[in-house]
$ cat structure25.tsv   # TSV, C-alpha atoms
chain	number	residue	atom	x	y	z
A	193	MET	CA	33.48	-50.75	-117.85
A	194	GLY	CA	29.96	-51.30	-119.10
A	195	VAL	CA	26.28	-51.05	-118.22
A	196	HIS	CA	24.13	-54.17	-118.39
A	197	THR	CA	20.38	-53.96	-117.85
A	198	GLN	CA	17.95	-56.77	-117.22
A	199	ARG	CA	14.22	-56.46	-116.66
A	200	LEU	CA	12.76	-59.17	-114.48
A	201	THR	CA	9.03	-59.76	-114.55
A	202	LEU	CA	7.19	-61.39	-111.70
A	203	ASN	CA	3.68	-61.98	-110.47
A	204	THR	CA	2.99	-60.99	-106.90
A	205	LYS	CA	0.06	-61.73	-104.63
A	206	GLY	CA	0.05	-58.25	-103.09
A	207	ASP	CA	-0.75	-57.53	-99.44
A	208	CYS	CA	2.89	-57.52	-98.30
A	209	ASP	CA	4.00	-60.37	-100.55
A	210	VAL	CA	7.75	-60.81	-99.97
A	211	VAL	CA	9.35	-62.28	-103.12
A	212	ASP	CA	12.88	-63.67	-103.04
A	213	LEU	CA	14.78	-62.53	-106.14
A	214	THR	CA	18.25	-63.66	-105.04
A	215	ALA	CA	18.62	-66.43	-107.62
A	216	ARG	CA	17.48	-64.14	-110.43
A	217	LEU	CA	19.85	-61.42	-109.23
A	218	ARG	CA	22.74	-63.91	-109.32
A	219	ASP	CA	21.73	-65.00	-112.82
A	220	ALA	CA	21.51	-61.39	-114.00
A	221	VAL	CA	24.96	-60.63	-112.61
A	222	LYS	CA	26.36	-63.74	-114.23
A	223	ALA	CA	24.75	-62.90	-117.57
A	224	SER	CA	26.26	-59.40	-117.44
A	225	GLY	CA	29.77	-60.81	-117.37
A	226	VAL	CA	30.72	-58.19	-114.77
A	227	ARG	CA	33.29	-59.39	-112.22
A	228	GLU	CA	33.67	-56.21	-110.15
A	229	GLY	CA	30.99	-53.54	-109.98
A	230	VAL	CA	27.62	-52.72	-108.51
A	231	ALA	CA	24.16	-54.14	-109.14
A	232	THR	CA	21.32	-51.66	-108.68
A	233	VAL	CA	17.97	-53.33	-108.00
A	234	PHE	CA	15.03	-50.99	-108.52
A	235	VAL	CA	11.28	-51.49	-108.60
A	236	PRO	CA	9.24	-49.06	-110.69
A	237	GLY	CA	5.91	-48.37	-109.01
A	238	SER	CA	4.86	-46.64	-105.82
A	239	THR	CA	3.40	-49.57	-103.88
A	240	ALA	CA	6.39	-51.91	-103.89
A	241	ALA	CA	9.84	-51.75	-102.33
A	242	VAL	CA	13.23	-53.46	-102.39
A	243	THR	CA	15.26	-54.57	-99.37
A	244	THR	CA	17.08	-57.61	-97.97
A	245	ILE	CA	15.94	-60.10	-95.34
A	246	GLU	CA	16.44	-63.75	-94.44
A	247	HIS	CA	13.60	-65.17	-96.51
A	248	GLU	CA	12.13	-67.83	-94.22
A	249	PRO	CA	8.40	-68.16	-93.45
A	250	GLY	CA	8.64	-67.10	-89.81
A	251	LEU	CA	10.40	-63.84	-90.65
A	252	VAL	CA	8.17	-63.10	-93.61
A	253	ALA	CA	5.20	-63.34	-91.23
A	254	ASP	CA	7.04	-61.17	-88.70
A	255	LEU	CA	7.69	-58.50	-91.30
A	256	ARG	CA	4.01	-58.50	-92.28
A	257	SER	CA	2.95	-58.18	-88.66
A	258	ALA	CA	5.33	-55.26	-88.20
A	259	PHE	CA	3.81	-53.39	-91.15
A	260	ASP	CA	0.27	-54.19	-90.01
A	261	ARG	CA	1.19	-52.65	-86.66
A	262	LEU	CA	3.21	-49.66	-87.92
A	263	VAL	CA	1.12	-48.65	-90.94
A	264	PRO	CA	-2.29	-50.31	-90.49
A	265	ARG	CA	-4.58	-50.79	-93.44
A	266	ASP	CA	-7.71	-49.54	-91.70
A	267	LEU	CA	-6.68	-46.04	-90.67
A	268	SER	CA	-8.24	-43.09	-92.45
A	269	TYR	CA	-6.06	-42.30	-95.48
A	270	GLY	CA	-6.39	-39.15	-97.55
A	271	HIS	CA	-5.37	-41.21	-100.57
A	272	ASN	CA	-8.44	-43.41	-100.17
A	273	ARG	CA	-10.96	-40.58	-100.32
A	274	GLY	CA	-11.15	-40.83	-104.11
A	275	GLY	CA	-12.10	-44.50	-104.01
A	276	GLU	CA	-8.60	-46.01	-103.67
A	277	SER	CA	-8.02	-48.59	-100.96
A	278	ASN	CA	-4.22	-48.80	-100.88
A	279	GLY	CA	-3.11	-45.68	-98.99
A	280	HIS	CA	-1.27	-47.88	-96.49
A	281	SER	CA	0.56	-49.61	-99.36
A	282	HIS	CA	2.01	-46.33	-100.62
A	283	VAL	CA	3.14	-45.21	-97.17
A	284	ARG	CA	4.82	-48.56	-96.46
A	285	ALA	CA	6.64	-48.52	-99.81
A	286	ALA	CA	7.92	-44.98	-99.24
A	287	LEU	CA	9.30	-46.00	-95.84
A	288	VAL	CA	11.32	-48.93	-97.21
A	289	GLY	CA	12.33	-47.36	-100.53
A	290	PRO	CA	12.55	-48.57	-104.14
A	291	SER	CA	16.24	-49.43	-104.53
A	292	VAL	CA	19.13	-51.42	-103.09
A	293	SER	CA	22.71	-51.31	-104.40
A	294	VAL	CA	24.64	-54.55	-104.07
A	295	PRO	CA	28.38	-54.73	-104.78
A	296	VAL	CA	29.48	-57.40	-107.25
A	297	LEU	CA	32.66	-59.18	-106.20
A	298	GLY	CA	34.27	-61.93	-108.27
A	299	GLY	CA	31.15	-62.14	-110.44
A	300	ASN	CA	28.69	-62.56	-107.56
A	301	PRO	CA	26.44	-60.20	-105.59
A	302	ALA	CA	28.03	-59.73	-102.15
A	303	LEU	CA	25.00	-60.82	-100.14
A	304	GLY	CA	25.46	-62.54	-96.79
A	305	THR	CA	24.74	-66.26	-96.47
A	306	TRP	CA	21.28	-65.74	-94.98
A	307	GLN	CA	20.58	-62.44	-96.69
A	308	GLN	CA	18.12	-62.54	-99.57
A	309	LEU	CA	17.30	-59.75	-101.99
A	310	VAL	CA	13.54	-59.29	-101.89
A	311	VAL	CA	10.84	-57.23	-103.50
A	312	ILE	CA	7.89	-56.52	-101.22
A	313	ASP	CA	4.59	-55.86	-102.94
A	314	PHE	CA	2.53	-53.78	-100.52
A	315	ASP	CA	-0.38	-53.27	-102.89
A	316	ASP	CA	-3.73	-54.69	-101.83
A	317	ARG	CA	-4.17	-56.87	-104.90
A	318	ALA	CA	-2.19	-59.25	-107.08
A	319	ARG	CA	0.08	-57.46	-109.53
A	320	SER	CA	2.41	-58.13	-112.39
A	321	ARG	CA	5.66	-56.34	-111.57
A	322	GLU	CA	8.84	-55.45	-113.38
A	323	VAL	CA	12.09	-55.19	-111.45
A	324	ILE	CA	15.18	-53.66	-113.02
A	325	VAL	CA	18.62	-55.09	-112.33
A	326	GLN	CA	21.36	-52.90	-113.66
A	327	VAL	CA	24.97	-53.96	-113.38
A	328	VAL	CA	27.73	-51.39	-113.86
A	329	GLY	CA	31.30	-52.61	-113.77
A	330	GLU	CA	34.29	-54.37	-115.28
A	331	ASP	CA	34.37	-57.75	-117.01
B	260	MET	CA	36.53	-45.08	-115.05
B	261	GLY	CA	37.31	-47.84	-112.60
B	262	VAL	CA	35.93	-49.98	-109.77
B	263	HIS	CA	37.70	-49.94	-106.41
B	264	THR	CA	36.60	-52.27	-103.64
B	265	GLN	CA	37.51	-52.16	-99.98
B	266	ARG	CA	36.32	-54.51	-97.28
B	267	LEU	CA	36.16	-52.94	-93.84
B	268	THR	CA	36.02	-55.18	-90.80
B	269	LEU	CA	34.62	-54.04	-87.49
B	270	ASN	CA	33.52	-55.43	-84.15
B	271	THR	CA	30.07	-54.43	-83.00
B	272	LYS	CA	28.39	-54.80	-79.64
B	273	GLY	CA	25.02	-55.68	-81.18
B	274	ASP	CA	21.66	-54.56	-79.73
B	275	CYS	CA	21.34	-51.51	-81.97
B	276	ASP	CA	25.02	-50.57	-81.89
B	277	VAL	CA	25.42	-47.52	-84.16
B	278	VAL	CA	28.97	-47.44	-85.55
B	279	ASP	CA	30.34	-44.32	-87.25
B	280	LEU	CA	32.25	-45.32	-90.40
B	281	THR	CA	32.67	-41.84	-91.86
B	282	ALA	CA	36.45	-41.63	-91.38
B	283	ARG	CA	36.95	-45.07	-92.89
B	284	LEU	CA	34.67	-44.17	-95.81
B	285	ARG	CA	36.75	-41.03	-96.45
B	286	ASP	CA	39.93	-43.11	-96.30
B	287	ALA	CA	38.52	-45.69	-98.69
B	288	VAL	CA	37.50	-43.00	-101.17
B	289	LYS	CA	40.92	-41.37	-100.91
B	290	ALA	CA	42.67	-44.73	-101.40
B	291	SER	CA	40.60	-45.39	-104.52
B	292	GLY	CA	41.97	-42.30	-106.22
B	293	VAL	CA	38.48	-41.54	-107.54
B	294	ARG	CA	37.68	-37.82	-107.81
B	295	GLU	CA	34.15	-38.01	-109.27
B	296	GLY	CA	31.94	-41.04	-108.83
B	297	VAL	CA	29.79	-42.92	-106.36
B	298	ALA	CA	30.64	-44.87	-103.22
B	299	THR	CA	28.30	-47.76	-102.46
B	300	VAL	CA	28.33	-48.80	-98.80
B	301	PHE	CA	26.80	-52.23	-98.24
B	302	VAL	CA	26.62	-54.53	-95.25
B	303	PRO	CA	26.37	-58.27	-95.94
B	304	GLY	CA	24.16	-59.93	-93.34
B	305	SER	CA	20.48	-59.74	-92.49
B	306	THR	CA	20.62	-58.19	-89.00
B	307	ALA	CA	22.58	-55.02	-89.79
B	308	ALA	CA	21.80	-51.93	-91.86
B	309	VAL	CA	23.45	-48.83	-93.34
B	310	THR	CA	22.15	-45.27	-93.09
B	311	THR	CA	23.29	-41.76	-92.11
B	312	ILE	CA	22.72	-39.84	-88.89
B	313	GLU	CA	24.41	-37.18	-86.78
B	314	HIS	CA	26.44	-39.51	-84.59
B	315	GLU	CA	26.17	-37.94	-81.16
B	316	PRO	CA	25.23	-39.85	-77.97
B	317	GLY	CA	21.82	-38.20	-77.53
B	318	LEU	CA	20.66	-39.11	-81.03
B	319	VAL	CA	22.11	-42.60	-80.89
B	320	ALA	CA	20.02	-43.17	-77.75
B	321	ASP	CA	16.99	-41.62	-79.50
B	322	LEU	CA	17.38	-43.97	-82.44
B	323	ARG	CA	17.57	-46.97	-80.12
B	324	SER	CA	14.44	-45.83	-78.27
B	325	ALA	CA	12.61	-45.46	-81.56
B	326	PHE	CA	13.44	-49.02	-82.61
B	327	ASP	CA	12.54	-50.37	-79.16
B	328	ARG	CA	9.17	-48.68	-79.56
B	329	LEU	CA	8.55	-49.49	-83.25
B	330	VAL	CA	9.87	-53.07	-83.39
B	331	PRO	CA	10.08	-54.29	-79.78
B	332	ARG	CA	12.28	-57.20	-78.87
B	333	ASP	CA	9.69	-58.98	-76.72
B	334	LEU	CA	6.85	-59.48	-79.19
B	335	SER	CA	6.09	-62.99	-80.41
B	336	TYR	CA	8.24	-63.56	-83.52
B	337	GLY	CA	7.77	-66.49	-85.87
B	338	HIS	CA	11.52	-66.44	-86.45
B	339	ASN	CA	12.15	-67.17	-82.77
B	340	ARG	CA	10.09	-70.35	-82.67
B	341	GLY	CA	13.09	-72.47	-83.69
B	342	GLY	CA	15.20	-71.19	-80.80
B	343	GLU	CA	16.43	-67.91	-82.32
B	344	SER	CA	16.06	-64.73	-80.28
B	345	ASN	CA	16.73	-62.04	-82.90
B	346	GLY	CA	13.49	-61.83	-84.88
B	347	HIS	CA	13.25	-58.13	-84.04
B	348	SER	CA	16.80	-57.58	-85.35
B	349	HIS	CA	15.91	-58.96	-88.78
B	350	VAL	CA	12.75	-56.86	-89.06
B	351	ARG	CA	14.58	-53.68	-88.06
B	352	ALA	CA	17.38	-54.31	-90.56
B	353	ALA	CA	14.90	-54.92	-93.40
B	354	LEU	CA	13.16	-51.61	-92.62
B	355	VAL	CA	16.36	-49.55	-92.82
B	356	GLY	CA	18.04	-51.47	-95.64
B	357	PRO	CA	21.57	-52.69	-96.33
B	358	SER	CA	22.97	-50.00	-98.64
B	359	VAL	CA	23.57	-46.29	-99.07
B	360	SER	CA	25.04	-44.67	-102.19
B	361	VAL	CA	27.12	-41.55	-101.56
B	362	PRO	CA	28.34	-39.35	-104.42
B	363	VAL	CA	32.07	-38.64	-104.51
B	364	LEU	CA	32.88	-35.03	-105.38
B	365	GLY	CA	36.44	-33.73	-105.64
B	366	GLY	CA	37.75	-36.88	-104.00
B	367	ASN	CA	35.45	-36.74	-100.95
B	368	PRO	CA	32.13	-38.35	-100.05
B	369	ALA	CA	29.44	-35.65	-100.29
B	370	LEU	CA	28.16	-36.02	-96.72
B	371	GLY	CA	26.78	-33.03	-94.85
B	372	THR	CA	28.78	-31.49	-92.02
B	373	TRP	CA	26.80	-33.25	-89.30
B	374	GLN	CA	25.90	-36.30	-91.36
B	375	GLN	CA	27.78	-39.47	-90.52
B	376	LEU	CA	27.72	-42.74	-92.43
B	377	VAL	CA	26.78	-45.44	-89.93
B	378	VAL	CA	26.30	-49.16	-89.75
B	379	ILE	CA	23.68	-50.26	-87.23
B	380	ASP	CA	24.09	-53.74	-85.82
B	381	PHE	CA	20.62	-54.82	-84.72
B	382	ASP	CA	21.66	-58.34	-83.74
B	383	ASP	CA	21.23	-59.27	-80.10
B	384	ARG	CA	24.88	-60.18	-79.56
B	385	ALA	CA	28.33	-58.85	-80.35
B	386	ARG	CA	29.40	-59.57	-83.90
B	387	SER	CA	32.35	-59.25	-86.20
B	388	ARG	CA	31.09	-57.51	-89.34
B	389	GLU	CA	32.37	-56.82	-92.80
B	390	VAL	CA	31.24	-53.71	-94.64
B	391	ILE	CA	31.93	-53.26	-98.34
B	392	VAL	CA	32.82	-49.86	-99.75
B	393	GLN	CA	32.87	-49.85	-103.50
B	394	VAL	CA	33.86	-46.75	-105.39
B	395	VAL	CA	33.04	-46.44	-109.08
B	396	GLY	CA	34.27	-43.38	-110.93
B	397	GLU	CA	36.97	-41.34	-112.59
B	398	ASP	CA	40.45	-40.54	-111.26
C	282	MET	CA	31.28	-44.33	-119.63
C	283	GLY	CA	31.29	-41.09	-117.70
C	284	VAL	CA	30.27	-39.42	-114.44
C	285	HIS	CA	27.95	-36.39	-114.60
C	286	THR	CA	27.17	-34.45	-111.43
C	287	GLN	CA	24.45	-31.87	-110.89
C	288	ARG	CA	23.71	-30.01	-107.70
C	289	LEU	CA	20.07	-29.02	-107.32
C	290	THR	CA	19.15	-26.33	-104.83
C	291	LEU	CA	15.72	-26.02	-103.32
C	292	ASN	CA	13.90	-24.23	-100.55
C	293	THR	CA	11.87	-26.41	-98.23
C	294	LYS	CA	9.29	-25.53	-95.63
C	295	GLY	CA	10.50	-28.17	-93.18
C	296	ASP	CA	8.19	-30.19	-90.90
C	297	CYS	CA	7.93	-33.17	-93.27
C	298	ASP	CA	7.82	-31.12	-96.46
C	299	VAL	CA	7.67	-33.62	-99.34
C	300	VAL	CA	9.21	-32.04	-102.45
C	301	ASP	CA	8.74	-33.62	-105.88
C	302	LEU	CA	12.05	-33.57	-107.78
C	303	THR	CA	11.02	-35.82	-110.65
C	304	ALA	CA	11.09	-33.15	-113.35
C	305	ARG	CA	14.50	-31.91	-112.21
C	306	LEU	CA	15.80	-35.48	-112.11
C	307	ARG	CA	14.62	-36.01	-115.69
C	308	ASP	CA	16.29	-32.78	-116.73
C	309	ALA	CA	19.54	-33.73	-115.01
C	310	VAL	CA	19.56	-37.11	-116.72
C	311	LYS	CA	18.84	-35.50	-120.07
C	312	ALA	CA	21.59	-32.92	-119.55
C	313	SER	CA	24.08	-35.68	-118.73
C	314	GLY	CA	23.60	-37.25	-122.15
C	315	VAL	CA	23.62	-40.71	-120.52
C	316	ARG	CA	21.37	-43.24	-122.25
C	317	GLU	CA	22.05	-46.29	-120.07
C	318	GLY	CA	23.31	-46.02	-116.51
C	319	VAL	CA	22.29	-45.17	-112.99
C	320	ALA	CA	21.26	-41.91	-111.35
C	321	THR	CA	22.17	-41.61	-107.67
C	322	VAL	CA	20.05	-39.06	-105.81
C	323	PHE	CA	21.57	-38.07	-102.47
C	324	VAL	CA	20.71	-35.39	-99.92
C	325	PRO	CA	23.56	-34.07	-97.77
C	326	GLY	CA	22.30	-33.30	-94.27
C	327	SER	CA	20.99	-35.40	-91.41
C	328	THR	CA	17.38	-34.17	-91.22
C	329	ALA	CA	16.27	-34.87	-94.79
C	330	ALA	CA	15.77	-38.06	-96.78
C	331	VAL	CA	15.18	-39.33	-100.31
C	332	THR	CA	12.55	-41.86	-101.40
C	333	THR	CA	9.78	-42.30	-103.96
C	334	ILE	CA	6.01	-41.89	-103.57
C	335	GLU	CA	2.99	-40.91	-105.63
C	336	HIS	CA	3.10	-37.19	-104.97
C	337	GLU	CA	-0.55	-36.27	-104.51
C	338	PRO	CA	-1.91	-34.21	-101.60
C	339	GLY	CA	-3.80	-37.05	-99.94
C	340	LEU	CA	-0.75	-39.29	-99.77
C	341	VAL	CA	1.57	-36.51	-98.70
C	342	ALA	CA	-0.76	-35.92	-95.75
C	343	ASP	CA	-0.87	-39.67	-95.09
C	344	LEU	CA	2.92	-39.86	-95.01
C	345	ARG	CA	3.07	-36.96	-92.55
C	346	SER	CA	0.48	-38.61	-90.32
C	347	ALA	CA	2.48	-41.82	-90.36
C	348	PHE	CA	5.64	-40.05	-89.21
C	349	ASP	CA	3.74	-38.11	-86.55
C	350	ARG	CA	2.48	-41.43	-85.25
C	351	LEU	CA	5.70	-43.46	-85.59
C	352	VAL	CA	8.26	-40.85	-84.49
C	353	PRO	CA	6.31	-38.11	-82.65
C	354	ARG	CA	7.79	-34.70	-82.20
C	355	ASP	CA	6.88	-34.38	-78.53
C	356	LEU	CA	8.65	-37.39	-77.03
C	357	SER	CA	11.68	-36.82	-74.83
C	358	TYR	CA	14.74	-36.79	-77.13
C	359	GLY	CA	18.31	-36.92	-75.84
C	360	HIS	CA	19.28	-34.76	-78.82
C	361	ASN	CA	17.03	-31.97	-77.56
C	362	ARG	CA	18.66	-31.71	-74.14
C	363	GLY	CA	21.20	-29.20	-75.42
C	364	GLY	CA	18.52	-26.84	-76.71
C	365	GLU	CA	17.80	-28.47	-80.06
C	366	SER	CA	14.20	-29.18	-81.00
C	367	ASN	CA	14.59	-31.51	-83.97
C	368	GLY	CA	15.47	-34.87	-82.44
C	369	HIS	CA	12.45	-36.41	-84.17
C	370	SER	CA	13.65	-35.03	-87.52
C	371	HIS	CA	16.98	-36.82	-87.27
C	372	VAL	CA	15.39	-40.14	-86.31
C	373	ARG	CA	12.90	-39.95	-89.18
C	374	ALA	CA	15.63	-39.13	-91.70
C	375	ALA	CA	17.79	-42.05	-90.54
C	376	LEU	CA	14.83	-44.44	-90.96
C	377	VAL	CA	14.17	-43.45	-94.57
C	378	GLY	CA	17.78	-42.90	-95.64
C	379	PRO	CA	19.62	-40.29	-97.72
C	380	SER	CA	19.88	-41.97	-101.14
C	381	VAL	CA	17.95	-43.66	-103.92
C	382	SER	CA	19.50	-45.20	-107.04
C	383	VAL	CA	17.38	-45.01	-110.17
C	384	PRO	CA	18.35	-46.87	-113.37
C	385	VAL	CA	18.51	-44.78	-116.52
C	386	LEU	CA	17.02	-46.51	-119.56
C	387	GLY	CA	16.93	-44.92	-122.99
C	388	GLY	CA	17.88	-41.57	-121.50
C	389	ASN	CA	15.13	-41.51	-118.85
C	390	PRO	CA	14.96	-42.43	-115.18
C	391	ALA	CA	13.03	-45.71	-114.91
C	392	LEU	CA	10.36	-44.44	-112.51
C	393	GLY	CA	6.85	-45.83	-112.63
C	394	THR	CA	4.02	-43.72	-114.01
C	395	TRP	CA	2.76	-42.66	-110.57
C	396	GLN	CA	6.12	-42.86	-108.84
C	397	GLN	CA	7.77	-39.54	-108.03
C	398	LEU	CA	11.28	-38.99	-106.72
C	399	VAL	CA	10.95	-36.92	-103.57
C	400	VAL	CA	13.10	-35.27	-100.95
C	401	ILE	CA	11.48	-35.11	-97.53
C	402	ASP	CA	12.67	-32.33	-95.27
C	403	PHE	CA	12.00	-33.50	-91.72
C	404	ASP	CA	13.64	-30.51	-90.05
C	405	ASP	CA	11.39	-28.32	-87.90
C	406	ARG	CA	12.10	-25.14	-89.85
C	407	ALA	CA	12.39	-23.91	-93.42
C	408	ARG	CA	15.70	-24.79	-95.01
C	409	SER	CA	17.69	-24.23	-98.13
C	410	ARG	CA	18.78	-27.66	-99.35
C	411	GLU	CA	21.17	-29.05	-101.91
C	412	VAL	CA	20.43	-32.37	-103.56
C	413	ILE	CA	23.06	-34.16	-105.62
C	414	VAL	CA	22.11	-36.04	-108.76
C	415	GLN	CA	24.96	-38.08	-110.12
C	416	VAL	CA	24.57	-40.00	-113.35
C	417	VAL	CA	27.07	-42.72	-114.21
C	418	GLY	CA	26.75	-44.44	-117.56
C	419	GLU	CA	27.10	-44.57	-121.30
C	420	ASP	CA	26.10	-41.91	-123.84
$ encode --input "structure25.tsv" --output "structure tokens"
Amino acid sequence: MGVHTQRLTLNTKGDCDVVDLTARLRDAVKASGVREGVATVFVPGSTAAVTTIEHEPGLVADLRSAFDRLVPRDLSYGHNRGGESNGHSHVRAALVGPSVSVPVLGGNPALGTWQQLVVIDFDDRARSREVIVQVVGED
Amino acid sequence: MGVHTQRLTLNTKGDCDVVDLTARLRDAVKASGVREGVATVFVPGSTAAVTTIEHEPGLVADLRSAFDRLVPRDLSYGHNRGGESNGHSHVRAALVGPSVSVPVLGGNPALGTWQQLVVIDFDDRARSREVIVQVVGED
Amino acid sequence: MGVHTQRLTLNTKGDCDVVDLTARLRDAVKASGVREGVATVFVPGSTAAVTTIEHEPGLVADLRSAFDRLVPRDLSYGHNRGGESNGHSHVRAALVGPSVSVPVLGGNPALGTWQQLVVIDFDDRARSREVIVQVVGED
């Protein structure tokens, strides 16, 4: 049993940018040497979130529309009273959550065929992000 | 310390079918022999999700009503332009997320008395699903 | 590798009370002696949830407003037919989910600077809650 940590860095465009990290997750699992275990994917920061979705342009647009409808940008946010403009980003990120735990089976993350691991950057500007992939398990 | 993986198979009716897996989670934890550790419950696939709820008929209906209201089936979805009909299912699943991590204490998952571990199948048709329960911990 | 469990107890005011547990999470990680690993934060109970947010009064109010809008208290809930009044609390908790997994790096949870680990009590009354912090990893 061992713990293997990788920090992925990525540039996001913000405004509900949905970034597919599946290939990098697979690489991180492979590099860990773990055959059976669990990969925790976590995004530090309070305006981004981690989940899974089929990453195709139609659905990415659908997800954005859903957030625009559910947590609109132009409501009155207490967070924005001090000059901030991303109150909606924080609320959206808290709803989705910062972590997903993916089992590792036979050296691969157990994602479905059409299921991609994504980071969503809800902030209202481009950001440089770090995502942590931590694999705990047996070689 | 060890890693113990079980694959559960289940048939779902789709359309926000909320399936109680608590008994099977308890059995999987028991079969693992782990006394202290963590059970990761993960559903491969992009139209299902894992969470907890009190699994009683009133609440299951309430949860369905909430999703019908928040992410309605009959909006215009980019995903459905190619002939698909389950754009809403994907968006709902991404909101809830594919994994829950439950601590194992004294050989049992640490769920509350009225808290059931459920898989929600948001797809718009009956499906056969696999759910992965992975227990990492000490005998 | 080892498993270290701590049970935190807290009193909540209910009605979407957002409680910052970051300092207690840091303490639990420190007490575990784990340098590299993962901290699972889990709330037993079906009317509370775990997520992360920047815990400042404006945003806490924004999060409450969002839940009042998305899952209002005064809809007709099947759960409330038997005399209960917290159908909305259960639905909200199921949406957010009961667990977050935070990597531990260098003996600290890898939260962002403005990212706090919070428990949200959605119940409609004050409660005494237990939150489980379980750290799995290497000294």
$ closest_atom_pairs --input "structure25.tsv" --of "chain A" --to "chain C" --cutoff "9 Å" --atoms "all atoms listed in the file" --output "CSV"
residue,atom,partner,partner_atom,distance
A:Met193,CA,C:Met282,CA,7.0
A:Gly194,CA,C:Met282,CA,7.1
A:Val195,CA,C:Gly318,CA,6.1
A:His196,CA,C:Glu317,CA,8.3
A:Thr197,CA,C:Glu317,CA,8.2
A:Thr232,CA,C:Ser382,CA,6.9
A:Val233,CA,C:Ser382,CA,8.3
A:Phe234,CA,C:Val383,CA,6.6
A:Val235,CA,C:Leu392,CA,8.1
A:Pro236,CA,C:Gly393,CA,4.5
A:Gly237,CA,C:Gly393,CA,4.5
A:Ser238,CA,C:Gln396,CA,5.0
A:Thr239,CA,C:Ile334,CA,8.1
A:Leu262,CA,C:Leu351,CA,7.1
A:Val263,CA,C:Ala347,CA,7.0
A:Ser268,CA,C:Asp343,CA,8.5
A:Tyr269,CA,C:Asp343,CA,5.8
A:Gly270,CA,C:Gly339,CA,4.1
A:His271,CA,C:Gly339,CA,4.5
A:Asn272,CA,C:Gly339,CA,7.9
A:Arg273,CA,C:Gly339,CA,8.0
A:Gly279,CA,C:Leu340,CA,6.9
A:His280,CA,C:Asp343,CA,8.3
A:His282,CA,C:Ile334,CA,6.7
A:Val283,CA,C:Leu344,CA,5.8
A:Ala285,CA,C:Ile334,CA,7.6
A:Ala286,CA,C:Ile334,CA,5.7
A:Leu287,CA,C:Val377,CA,5.6
A:Val288,CA,C:Val377,CA,6.7
A:Gly289,CA,C:Thr332,CA,5.6
A:Pro290,CA,C:Thr333,CA,6.9
A:Ser291,CA,C:Ser382,CA,5.9
A:Val292,CA,C:Ser382,CA,7.4
A:Ser293,CA,C:Ser382,CA,7.4
A:Ile324,CA,C:Pro384,CA,7.5
A:Val325,CA,C:Pro384,CA,8.3
A:Gln326,CA,C:Pro384,CA,6.7
A:Val327,CA,C:Gly318,CA,8.7
A:Val328,CA,C:Gly318,CA,7.4
$ residues_around --input "structure25.tsv" --residues "Asn367 in chain B" --least-positions-apart "5" --cutoff "9 Å" --atoms "all atoms listed in the file" --output "list in words"
Arg285, Val288, Lys289, Val293, Arg294, Glu295 and Pro362 of chain B
$ atom_distance --input "structure25.tsv" --atom1 "CA of Asp298 in chain C" --atom2 "CA of Ser409 in chain C"
12.2 Å
$ atom_distance --input "structure25.tsv" --atom1 "CA of Asp212 in chain A" --atom2 "CA of Val400 in chain C"
28.5 Å
$ atom_distance --input "structure25.tsv" --atom1 "CA of Leu398 in chain C" --atom2 "CA of Ser224 in chain A"
27.5 Å
$ closest_residue --input "structure25.tsv" --among "B:Thr281, B:Asn270, B:Gln265, B:Asn345" --to "Arg388 in chain B" --atoms "only C-alpha atoms"
B:Asn270
$ decode --input "structure25.tsv" --residues "range 356-381 of chain C" --atoms "C-alpha atoms" --output "PDB file, in the first residue's frame"
ATOM      1  CA  LEU C 356     -43.733  23.359  -1.667  1.00  0.00           C
ATOM      2  CA  SER C 357     -45.904  20.296  -1.168  1.00  0.00           C
ATOM      3  CA  TYR C 358     -43.580  17.464  -0.050  1.00  0.00           C
ATOM      4  CA  GLY C 359     -44.661  13.821   0.104  1.00  0.00           C
ATOM      5  CA  HIS C 360     -42.314  13.429   3.070  1.00  0.00           C
ATOM      6  CA  ASN C 361     -44.335  15.973   5.043  1.00  0.00           C
ATOM      7  CA  ARG C 362     -47.653  14.145   4.699  1.00  0.00           C
ATOM      8  CA  GLY C 363     -46.982  12.127   7.844  1.00  0.00           C
ATOM      9  CA  GLY C 364     -46.441  15.223   9.967  1.00  0.00           C
ATOM     10  CA  GLU C 365     -42.807  15.942   9.132  1.00  0.00           C
ATOM     11  CA  SER C 366     -41.840  19.460   8.085  1.00  0.00           C
ATOM     12  CA  ASN C 367     -38.356  18.949   6.673  1.00  0.00           C
ATOM     13  CA  GLY C 368     -38.930  17.447   3.235  1.00  0.00           C
ATOM     14  CA  HIS C 369     -36.961  20.322   1.691  1.00  0.00           C
ATOM     15  CA  SER C 370     -34.048  19.608   4.058  1.00  0.00           C
ATOM     16  CA  HIS C 371     -33.709  16.028   2.842  1.00  0.00           C
ATOM     17  CA  VAL C 372     -33.825  17.014  -0.830  1.00  0.00           C
ATOM     18  CA  ARG C 373     -31.193  19.721  -0.348  1.00  0.00           C
ATOM     19  CA  ALA C 374     -28.879  17.352   1.522  1.00  0.00           C
ATOM     20  CA  ALA C 375     -29.161  14.687  -1.191  1.00  0.00           C
ATOM     21  CA  LEU C 376     -28.242  17.267  -3.854  1.00  0.00           C
ATOM     22  CA  VAL C 377     -25.038  18.349  -2.115  1.00  0.00           C
ATOM     23  CA  GLY C 378     -24.024  14.954  -0.720  1.00  0.00           C
ATOM     24  CA  PRO C 379     -22.626  13.704   2.599  1.00  0.00           C
ATOM     25  CA  SER C 380     -18.882  13.456   1.897  1.00  0.00           C
ATOM     26  CA  VAL C 381     -15.828  15.320   0.665  1.00  0.00           C
TER      27      VAL C 381
END
